[in-house]
Amino acid sequence: MSQKFTILFDLDGTLVNTAPDLMIAHNHVMKKYGYGERKLSDIRKLAGRGSKVMLTRSMNELAELQGKAKKTDDVIDQMTRDFVDYYSKNIVAESTLKKGVLDFLNWCKKKSIQMGVCTNKQEHLSIDLLKKIKIYDFFDYVAGGNTFDYNKPDPRHLNSTVEIMGGDIKKSLMIGDSETDSNSAKAAHIPFILVEDGYTEKKINEIYHDHLIKDFTNLDKIIIKYIND
């Protein structure tokens, strides 16, 4: 029996437009701790490395702009807990699937392609989001930022996920929207498909990729080439 082909997906900004809900939760926490709010475009640049990293980066930037003292690590940890608590209760208030995602996932299922999620979002939040937006059942495994002792851009995040799924990393590829996804795929020596308008500060030409897509429409034509190789 030949080994199945495996596709690994990032979550935020790749499968789901989560920025609106991330922004609402972010601004709720920042206001609580005495900082200003951020715009949607700011959140898109700050997201991608997990909630604590997002909040830390944002807080540091706001502290400099507003001339305020930066919070200590223990306060940042509490801010992160407050963020996760609020966000978990409002996780799909305004989040939507990226264009073409549902059709593409159905196509992959028909082709018996294994699918997994590799995200730096906490595992329980990732699973909850996938369930509430009704695509969880497509995936063989969901690896969050706290599933292992490492996460993206560490290639072990991808390797371990494929191994758990019973796949072959040599017959796998990654789809993501940021340099974090790109760097993990490159380090794992697998092809990387970059989704435009990602949650990143980098420009497209600054992010390594094998293919660039605007959305998931007609992505099957690219995948077929890899399956047939």
# chains A, B, ... in the order shown; residues from 1 in each chain; ligands from 1

call {"tool": "residues_around", "arguments": {"residues": "His189 in chain A", "least_positions_apart": "5", "cutoff": "9 Å", "atoms": "only C-alpha atoms", "output": "compact mmCIF listing (two decimals) with C-alpha atoms, in the first residue's frame"}}
result
# COMPACT_ATOMS: atom_id res chain seq x y z
CA PRO A 155 10.71 21.83 12.10
CA ILE A 169 7.55 13.86 5.71
CA LYS A 170 9.00 13.27 2.23
CA SER A 184 9.49 25.62 9.59

call {"tool": "select_by_dssp", "arguments": {"residues": "range 19-219 of chain A", "states": "helix (DSSP H, G or I)", "output": "number ranges by chain"}}
result
A: 19-32, 40-46, 51-66, 73-89, 101-110, 123-132, 136-138, 156-165, 169-171, 179-187, 204-206

call {"tool": "residues_around", "arguments": {"residues": "range 53-68 of chain A", "least_positions_apart": "5", "cutoff": "7 Å", "atoms": "only C-alpha atoms", "output": "number ranges by chain"}}
result
A: 35-36, 46-47, 76

call {"tool": "residues_around", "arguments": {"residues": "Tyr33 in chain A", "least_positions_apart": "5", "cutoff": "10 Å", "atoms": "only C-alpha atoms", "output": "PyMOL selection string"}}
result
chain A and resi 27-28+59+71+75-76+79

call {"tool": "select_by_dssp", "arguments": {"residues": "range 51-218 of chain A", "states": "strand (DSSP E or B)", "output": "list in words"}}
result
Thr96, Leu97, Gln114, Met115, Gly116, Val117, Cys118, Tyr141, Val142, Ala143, Ser172, Leu173, Met174, Ile175, Gly176, Phe192, Ile193, Leu194, Val195, His211, Leu212 and Ile213 of chain A

call {"tool": "residues_around", "arguments": {"residues": "Phe148 in chain A", "least_positions_apart": "5", "cutoff": "10 Å", "atoms": "only C-alpha atoms", "output": "MDAnalysis selection string"}}
result
chainID A and resid 123 143 156:157 160:161

call {"tool": "write_last_selection", "arguments": {"atoms": "all heavy atoms", "output": "PDB file, in the first residue's frame"}}
result
ATOM      1  N   GLU A 123      -3.484  24.525  21.721  1.00  0.00           N
ATOM      2  CA  GLU A 123      -4.186  23.374  21.153  1.00  0.00           C
ATOM      3  C   GLU A 123      -5.688  23.402  21.422  1.00  0.00           C
ATOM      4  O   GLU A 123      -6.494  23.188  20.502  1.00  0.00           O
ATOM      5  CB  GLU A 123      -3.592  22.077  21.713  1.00  0.00           C
ATOM      6  CG  GLU A 123      -4.237  20.822  21.131  1.00  0.00           C
ATOM      7  CD  GLU A 123      -3.670  19.547  21.722  1.00  0.00           C
ATOM      8  OE1 GLU A 123      -2.427  19.393  21.712  1.00  0.00           O
ATOM      9  OE2 GLU A 123      -4.467  18.724  22.205  1.00  0.00           O
ATOM     10  N   ALA A 143      -2.010  19.974  15.938  1.00  0.00           N
ATOM     11  CA  ALA A 143      -0.895  20.266  16.840  1.00  0.00           C
ATOM     12  C   ALA A 143      -0.848  21.756  17.109  1.00  0.00           C
ATOM     13  O   ALA A 143      -0.624  22.558  16.199  1.00  0.00           O
ATOM     14  CB  ALA A 143       0.425  19.798  16.221  1.00  0.00           C
ATOM     15  N   ARG A 156      10.536  20.365  14.044  1.00  0.00           N
ATOM     16  CA  ARG A 156      10.017  19.204  14.759  1.00  0.00           C
ATOM     17  C   ARG A 156       8.509  19.285  14.963  1.00  0.00           C
ATOM     18  O   ARG A 156       7.841  18.254  15.103  1.00  0.00           O
ATOM     19  CB  ARG A 156      10.722  19.056  16.109  1.00  0.00           C
ATOM     20  CG  ARG A 156      12.183  18.664  16.014  1.00  0.00           C
ATOM     21  CD  ARG A 156      12.822  18.588  17.388  1.00  0.00           C
ATOM     22  NE  ARG A 156      12.841  19.902  18.036  1.00  0.00           N
ATOM     23  CZ  ARG A 156      13.152  20.096  19.322  1.00  0.00           C
ATOM     24  NH1 ARG A 156      13.466  19.059  20.091  1.00  0.00           N
ATOM     25  NH2 ARG A 156      13.166  21.314  19.822  1.00  0.00           N
ATOM     26  N   HIS A 157       7.976  20.491  14.974  1.00  0.00           N
ATOM     27  CA  HIS A 157       6.526  20.662  15.087  1.00  0.00           C
ATOM     28  C   HIS A 157       5.836  19.974  13.912  1.00  0.00           C
ATOM     29  O   HIS A 157       4.833  19.278  14.075  1.00  0.00           O
ATOM     30  CB  HIS A 157       6.187  22.152  15.110  1.00  0.00           C
ATOM     31  CG  HIS A 157       4.799  22.467  15.588  1.00  0.00           C
ATOM     32  ND1 HIS A 157       4.400  23.738  15.868  1.00  0.00           N
ATOM     33  CD2 HIS A 157       3.734  21.687  15.845  1.00  0.00           C
ATOM     34  CE1 HIS A 157       3.138  23.737  16.276  1.00  0.00           C
ATOM     35  NE2 HIS A 157       2.714  22.494  16.257  1.00  0.00           N
ATOM     36  N   SER A 160       6.877  15.922  13.885  1.00  0.00           N
ATOM     37  CA  SER A 160       6.167  15.144  14.901  1.00  0.00           C
ATOM     38  C   SER A 160       4.702  14.948  14.519  1.00  0.00           C
ATOM     39  O   SER A 160       4.127  13.879  14.738  1.00  0.00           O
ATOM     40  CB  SER A 160       6.258  15.837  16.265  1.00  0.00           C
ATOM     41  OG  SER A 160       7.585  15.877  16.721  1.00  0.00           O
ATOM     42  N   THR A 161       4.103  16.000  13.944  1.00  0.00           N
ATOM     43  CA  THR A 161       2.705  15.907  13.524  1.00  0.00           C
ATOM     44  C   THR A 161       2.531  14.860  12.431  1.00  0.00           C
ATOM     45  O   THR A 161       1.627  14.021  12.491  1.00  0.00           O
ATOM     46  CB  THR A 161       2.202  17.274  13.033  1.00  0.00           C
ATOM     47  OG1 THR A 161       2.327  18.232  14.089  1.00  0.00           O
ATOM     48  CG2 THR A 161       0.745  17.195  12.599  1.00  0.00           C
TER      49      THR A 161
END

call {"tool": "residues_around", "arguments": {"residues": "range 10-19 of chain A", "least_positions_apart": "4", "cutoff": "6 Å", "atoms": "only C-alpha atoms", "output": "PDB file with C-alpha atoms, in the first residue's frame"}}
result
ATOM      1  CA  MET A  23      -8.226  42.174  17.772  1.00  0.00           C
ATOM      2  CA  SER A  95     -13.929  34.856  12.199  1.00  0.00           C
ATOM      3  CA  THR A  96     -14.595  33.378   8.750  1.00  0.00           C
ATOM      4  CA  LEU A  97     -13.097  30.710   6.511  1.00  0.00           C
ATOM      5  CA  LYS A  98     -10.711  31.892   3.835  1.00  0.00           C
ATOM      6  CA  VAL A 117      -2.982  21.467  11.449  1.00  0.00           C
ATOM      7  CA  CYS A 118       0.299  22.921  12.776  1.00  0.00           C
ATOM      8  CA  THR A 119      -0.386  26.172  14.576  1.00  0.00           C
ATOM      9  CA  GLY A 176       0.816  28.904   5.639  1.00  0.00           C
ATOM     10  CA  ASP A 177       0.727  32.680   5.596  1.00  0.00           C
ATOM     11  CA  GLY A 198      -0.838  36.843   5.879  1.00  0.00           C
ATOM     12  CA  TYR A 199      -0.375  37.644   9.534  1.00  0.00           C
TER      13      TYR A 199
END

call {"tool": "residues_around", "arguments": {"residues": "Thr217 in chain A", "least_positions_apart": "2", "cutoff": "8 Å", "atoms": "only C-alpha atoms", "output": "compact mmCIF listing (two decimals) with C-alpha atoms, in the first residue's frame"}}
result
# COMPACT_ATOMS: atom_id res chain seq x y z
CA LYS A 99 -12.15 31.78 0.32
CA GLY A 100 -12.18 28.29 -1.18
CA VAL A 101 -11.13 26.46 2.01
CA PHE A 104 -10.47 22.41 -1.08
CA ASP A 215 -6.83 31.95 -1.69
CA LEU A 219 -5.24 25.04 -5.31
CA ASP A 220 -6.00 21.44 -6.31

call {"tool": "atom_distance", "arguments": {"atom1": "CA of Met174 in chain A", "atom2": "CA of Asn90 in chain A"}}
result
28.1 Å

call {"tool": "closest_residue", "arguments": {"among": "A:Asp229, A:Asp42, A:Asp85, A:Asp74", "to": "Gln122 in chain A", "atoms": "only C-alpha atoms"}}
result
A:Asp85

call {"tool": "closest_residue", "arguments": {"among": "A:Asn218, A:Asn183, A:Ser178, A:Ser51", "to": "Glu201 in chain A", "atoms": "only C-alpha atoms"}}
result
A:Ser178

call {"tool": "closest_residue", "arguments": {"among": "A:Ala185, A:Gly34, A:Ile204, A:Gly48", "to": "Lys70 in chain A", "atoms": "only C-alpha atoms"}}
result
A:Gly34
